[in-house]
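Pasted below: work-v7.cif, mmCIF, C-alpha atoms.
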data_work
#
loop_
_atom_site.label_atom_id
_atom_site.label_comp_id
_atom_site.auth_asym_id
_atom_site.auth_seq_id
_atom_site.Cartn_x
_atom_site.Cartn_y
_atom_site.Cartn_z
CA MET A 971 0.96 -40.30 -9.45
CA THR A 972 1.96 -36.63 -9.70
CA PRO A 973 5.68 -36.08 -10.29
CA GLU A 974 7.56 -34.43 -7.44
CA ILE A 975 8.76 -30.86 -7.84
CA VAL A 976 12.42 -30.73 -6.89
CA ILE A 977 13.83 -27.41 -5.70
CA ARG A 978 17.55 -26.73 -5.50
CA ASP A 979 19.93 -23.81 -5.71
CA ALA A 980 20.30 -22.66 -9.29
CA THR A 981 23.73 -23.07 -10.85
CA PRO A 982 25.46 -21.37 -13.78
CA ASP A 983 24.53 -24.42 -15.88
CA ASP A 984 20.84 -23.58 -15.33
CA VAL A 985 21.09 -20.06 -16.75
CA PRO A 986 20.34 -21.00 -20.41
CA SER A 987 17.05 -22.62 -19.35
CA ILE A 988 16.30 -19.72 -16.98
CA ARG A 989 16.94 -17.31 -19.84
CA ASP A 990 14.54 -19.23 -22.10
CA ILE A 991 11.77 -19.15 -19.48
CA TYR A 992 12.28 -15.45 -18.85
CA ALA A 993 12.47 -14.60 -22.56
CA HIS A 994 9.02 -16.07 -23.11
CA HIS A 995 7.56 -13.92 -20.31
CA VAL A 996 9.31 -10.80 -21.58
CA LEU A 997 8.13 -11.28 -25.15
CA HIS A 998 4.59 -12.51 -24.48
CA GLY A 999 3.58 -11.44 -20.98
CA LEU A 1000 3.29 -8.52 -18.62
CA ALA A 1001 5.02 -9.92 -15.52
CA SER A 1002 8.22 -8.19 -16.59
CA PHE A 1003 8.31 -4.66 -17.92
CA GLU A 1004 11.33 -5.44 -20.06
CA GLU A 1005 10.41 -5.38 -23.75
CA GLN A 1006 13.40 -7.20 -25.21
CA ALA A 1007 14.65 -10.45 -23.75
CA PRO A 1008 18.16 -10.20 -22.33
CA ASP A 1009 20.77 -12.36 -24.00
CA LEU A 1010 22.55 -15.21 -22.25
CA ALA A 1011 25.52 -13.05 -21.27
CA GLU A 1012 23.24 -10.53 -19.53
CA MET A 1013 21.26 -13.24 -17.75
CA THR A 1014 24.54 -14.80 -16.62
CA ARG A 1015 25.71 -11.43 -15.30
CA ARG A 1016 22.46 -10.98 -13.36
CA PHE A 1017 22.64 -14.49 -11.93
CA GLN A 1018 26.25 -14.02 -10.83
CA ALA A 1019 25.54 -10.63 -9.24
CA LEU A 1020 22.71 -12.02 -7.11
CA SER A 1021 24.60 -15.20 -6.23
CA GLU A 1022 27.78 -13.35 -5.27
CA ALA A 1023 25.74 -10.94 -3.10
CA GLY A 1024 24.34 -13.94 -1.18
CA PHE A 1025 20.73 -13.76 -2.34
CA PRO A 1026 18.81 -17.03 -2.77
CA TYR A 1027 18.33 -18.13 -6.40
CA LEU A 1028 16.31 -21.34 -6.77
CA ALA A 1029 15.45 -23.66 -9.65
CA ALA A 1030 12.46 -26.04 -9.86
CA PHE A 1031 12.55 -29.32 -11.74
CA LEU A 1032 9.89 -31.79 -12.88
CA ASP A 1033 11.18 -35.06 -14.28
CA GLY A 1034 14.65 -33.55 -14.55
CA VAL A 1035 13.51 -30.55 -16.60
CA LEU A 1036 13.93 -27.00 -15.27
CA VAL A 1037 10.36 -25.70 -15.17
CA GLY A 1038 10.69 -22.58 -13.05
CA TYR A 1039 12.94 -20.39 -11.01
CA ALA A 1040 12.73 -17.83 -8.24
CA TYR A 1041 15.13 -15.46 -6.61
CA ALA A 1042 15.24 -12.66 -4.10
CA GLY A 1043 17.16 -9.49 -4.70
CA GLN A 1044 17.77 -6.22 -3.01
CA TYR A 1045 14.50 -4.27 -2.75
CA ARG A 1046 16.27 -0.92 -3.21
CA PRO A 1047 19.95 0.07 -3.14
CA ARG A 1048 19.99 2.50 -0.20
CA PRO A 1049 21.42 1.00 3.03
CA ALA A 1050 18.23 1.43 5.09
CA TYR A 1051 16.51 -1.12 2.82
CA ARG A 1052 19.10 -3.85 3.55
CA HIS A 1053 16.62 -5.99 5.52
CA SER A 1054 14.05 -6.09 2.71
CA VAL A 1055 14.06 -8.17 -0.47
CA GLU A 1056 11.97 -8.33 -3.62
CA ASP A 1057 10.97 -11.70 -5.03
CA SER A 1058 10.79 -12.81 -8.65
CA ILE A 1059 9.19 -16.07 -9.80
CA TYR A 1060 8.83 -17.39 -13.33
CA VAL A 1061 7.36 -20.71 -14.49
CA ARG A 1062 7.93 -22.28 -17.90
CA GLU A 1063 5.05 -21.79 -20.35
CA GLY A 1064 2.59 -24.68 -20.18
CA ASN A 1065 3.34 -25.50 -16.53
CA ALA A 1066 0.94 -23.19 -14.70
CA GLY A 1067 -1.33 -24.82 -12.12
CA LYS A 1068 1.10 -27.60 -11.19
CA GLY A 1069 2.19 -26.09 -7.88
CA ILE A 1070 5.58 -24.98 -9.19
CA GLY A 1071 5.14 -21.31 -8.26
CA ARG A 1072 3.85 -22.20 -4.78
CA THR A 1073 6.70 -24.60 -4.15
CA LEU A 1074 9.27 -22.07 -5.33
CA LEU A 1075 7.83 -19.17 -3.35
CA SER A 1076 7.51 -21.28 -0.19
CA ALA A 1077 11.16 -22.32 -0.48
CA LEU A 1078 12.23 -18.74 -1.21
CA LEU A 1079 10.38 -17.47 1.87
CA GLU A 1080 12.16 -20.05 4.02
CA ARG A 1081 15.56 -19.21 2.58
CA CYS A 1082 15.11 -15.46 2.93
CA THR A 1083 13.96 -15.87 6.53
CA ALA A 1084 17.01 -18.04 7.27
CA CYS A 1085 19.22 -15.34 5.73
CA GLY A 1086 17.82 -12.84 8.24
CA PHE A 1087 15.75 -10.69 5.92
CA ARG A 1088 12.68 -9.13 7.56
CA GLN A 1089 10.36 -8.09 4.71
CA MET A 1090 9.61 -9.44 1.25
CA ILE A 1091 8.07 -7.22 -1.37
CA ALA A 1092 6.32 -8.55 -4.47
CA ILE A 1093 5.90 -6.17 -7.39
CA ILE A 1094 3.56 -7.91 -9.80
CA GLY A 1095 3.24 -6.66 -13.34
CA ASP A 1096 -0.41 -6.24 -14.41
CA SER A 1097 -3.33 -6.04 -12.01
CA GLY A 1098 -4.93 -8.74 -14.17
CA ASN A 1099 -2.24 -11.24 -13.15
CA THR A 1100 -4.60 -12.89 -10.67
CA GLY A 1101 -2.59 -16.12 -10.57
CA SER A 1102 0.49 -14.42 -9.15
CA ILE A 1103 -1.51 -12.13 -6.88
CA ARG A 1104 -3.48 -15.05 -5.42
CA LEU A 1105 -0.33 -17.13 -5.01
CA HIS A 1106 1.33 -14.40 -2.98
CA GLU A 1107 -1.79 -13.73 -0.91
CA SER A 1108 -2.19 -17.44 -0.16
CA LEU A 1109 1.31 -17.44 1.35
CA GLY A 1110 0.69 -14.51 3.66
CA PHE A 1111 1.37 -11.47 1.49
CA GLU A 1112 -0.87 -8.45 1.97
CA ARG A 1113 -1.76 -6.18 -0.91
CA ILE A 1114 -0.34 -2.76 -0.09
CA GLY A 1115 -1.15 -0.86 -3.24
CA THR A 1116 -1.42 -0.55 -6.97
CA ILE A 1117 0.57 1.84 -9.10
CA ARG A 1118 -1.84 2.43 -11.94
CA SER A 1119 -0.76 2.62 -15.57
CA VAL A 1120 2.92 2.85 -14.66
CA GLY A 1121 4.08 0.82 -17.66
CA PHE A 1122 3.15 0.65 -21.32
CA LYS A 1123 3.68 -2.72 -23.00
CA HIS A 1124 2.01 -4.72 -25.77
CA GLY A 1125 -0.03 -1.67 -26.77
CA ARG A 1126 -1.63 -0.98 -23.41
CA TRP A 1127 -1.09 0.63 -20.02
CA VAL A 1128 -0.07 -1.80 -17.30
CA ASP A 1129 -0.33 -1.52 -13.51
CA SER A 1130 2.09 -2.76 -10.86
CA VAL A 1131 0.53 -4.44 -7.84
CA LEU A 1132 2.55 -4.29 -4.62
CA LEU A 1133 2.31 -6.92 -1.91
CA GLN A 1134 4.34 -7.31 1.27
CA ARG A 1135 5.00 -10.09 3.77
CA PRO A 1136 7.02 -10.01 6.97
CA LEU A 1137 9.77 -12.60 7.32
CA GLY A 1138 10.73 -14.09 10.67
CA SER A 1139 9.95 -11.57 13.39
CA GLY A 1140 9.39 -8.87 10.76
CA ASP A 1141 9.31 -5.45 12.37
CA THR A 1142 8.46 -6.70 15.88
CA THR A 1143 12.13 -6.75 16.89
CA LEU A 1144 15.19 -4.80 15.87
CA PRO A 1145 17.54 -6.47 13.39
#

Represent the structure contained in this file as structure tokens.
Amino acid sequence: MTPEIVIRDATPDDVPSIRDIYAHHVLHGLASFEEQAPDLAEMTRRFQALSEAGFPYLAAFLDGVLVGYAYAGQYRPRPAYRHSVEDSIYVREGNAGKGIGRTLLSALLERCTACGFRQMIAIIGDSGNTGSIRLHESLGFERIGTIRSVGFKHGRWVDSVLLQRPLGSGDTTLP
């Protein structure tokens, strides 16, 4: 029997595990364009800022172990963007292919829709990140572009792939 993935709101107590997951991706992957992993104090500050602003921040657990997290944040700071969010999803190394990312993103989509947001933007580091691109596309995201060679990390140029998905009634009604 496959263990159940449990999703709940992340708490301050989860931040050390969240930081560990993120640090691995920063140091070894291309999903994030950061090159040095933020320390616990910085990750705590980021978590608090998103939480206090009312953005969803979710944690995924398998057998009581935090194995992934996802959050939505402001897409851009100007007021006209207030109805759009950007998603971020990270899964603990060694846990790919278990449905954690799909479960997190599905829950995040539901939460953001319930919060009244109208568009979700995914900015995926590395056009070779087919797992993340396919995950987003399978949940209704449409690829809207690629910014080629916008980053340089791990000795090579890295693209950003942009995907977008309407939430709720999207742009068919006024907010």

Open item on the list: Report, in Å to a single decimal, how far apart CA of Gln1006 (chain A) and CA of Thr1100 (chain A) are.
Closed with: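 So the answer is 23.8 Å.
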
Task: 12 Å contact set for Ala1077 (chain A), all atoms listed in the file, chain neighbours under 2 positions out, as a PyMOL selection string - done: chain A and resi 975-979+1026-1030+1039-1042+1057+1059+1070-1075+1079-1084+1109

Open item on the list: Ranking A:Val996, A:Ile991, A:Gln1044, A:Ile1094 by minimum distance to Ala1019 (chain A) and counting only C-alpha atoms, which one comes first?
Closed with: A:Gln1044

Open item on the list: When you look at region 992-995 of chain A with a cut-off of 8 Å (counting all atoms listed in the file), what residues show up, excluding the ones that are within fewer than 6 positions of it in the same chain? I need them as a list of chain:residue names.
Closed with: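 My reading of the contact set: A:Ala1001, A:Ser1002, A:Gln1006, A:Ala1007, A:Pro1008, A:Tyr1060, A:Glu1063.
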
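Minimum atom-to-atom distance to Pro986 (chain A), evaluated using all atoms listed in the file, belongs to A:Phe1017 out of A:Glu974, A:Asn1065, A:Phe1017, A:Tyr1051.
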
- [ ] Might you spell out which residues the PyMOL selection byres ((chain A and resi 1136-1140) around 6) would select in the displayed file, as a ChimeraX atom specification?
- [x] /A:1083,1088-1089,1135,1141-1142
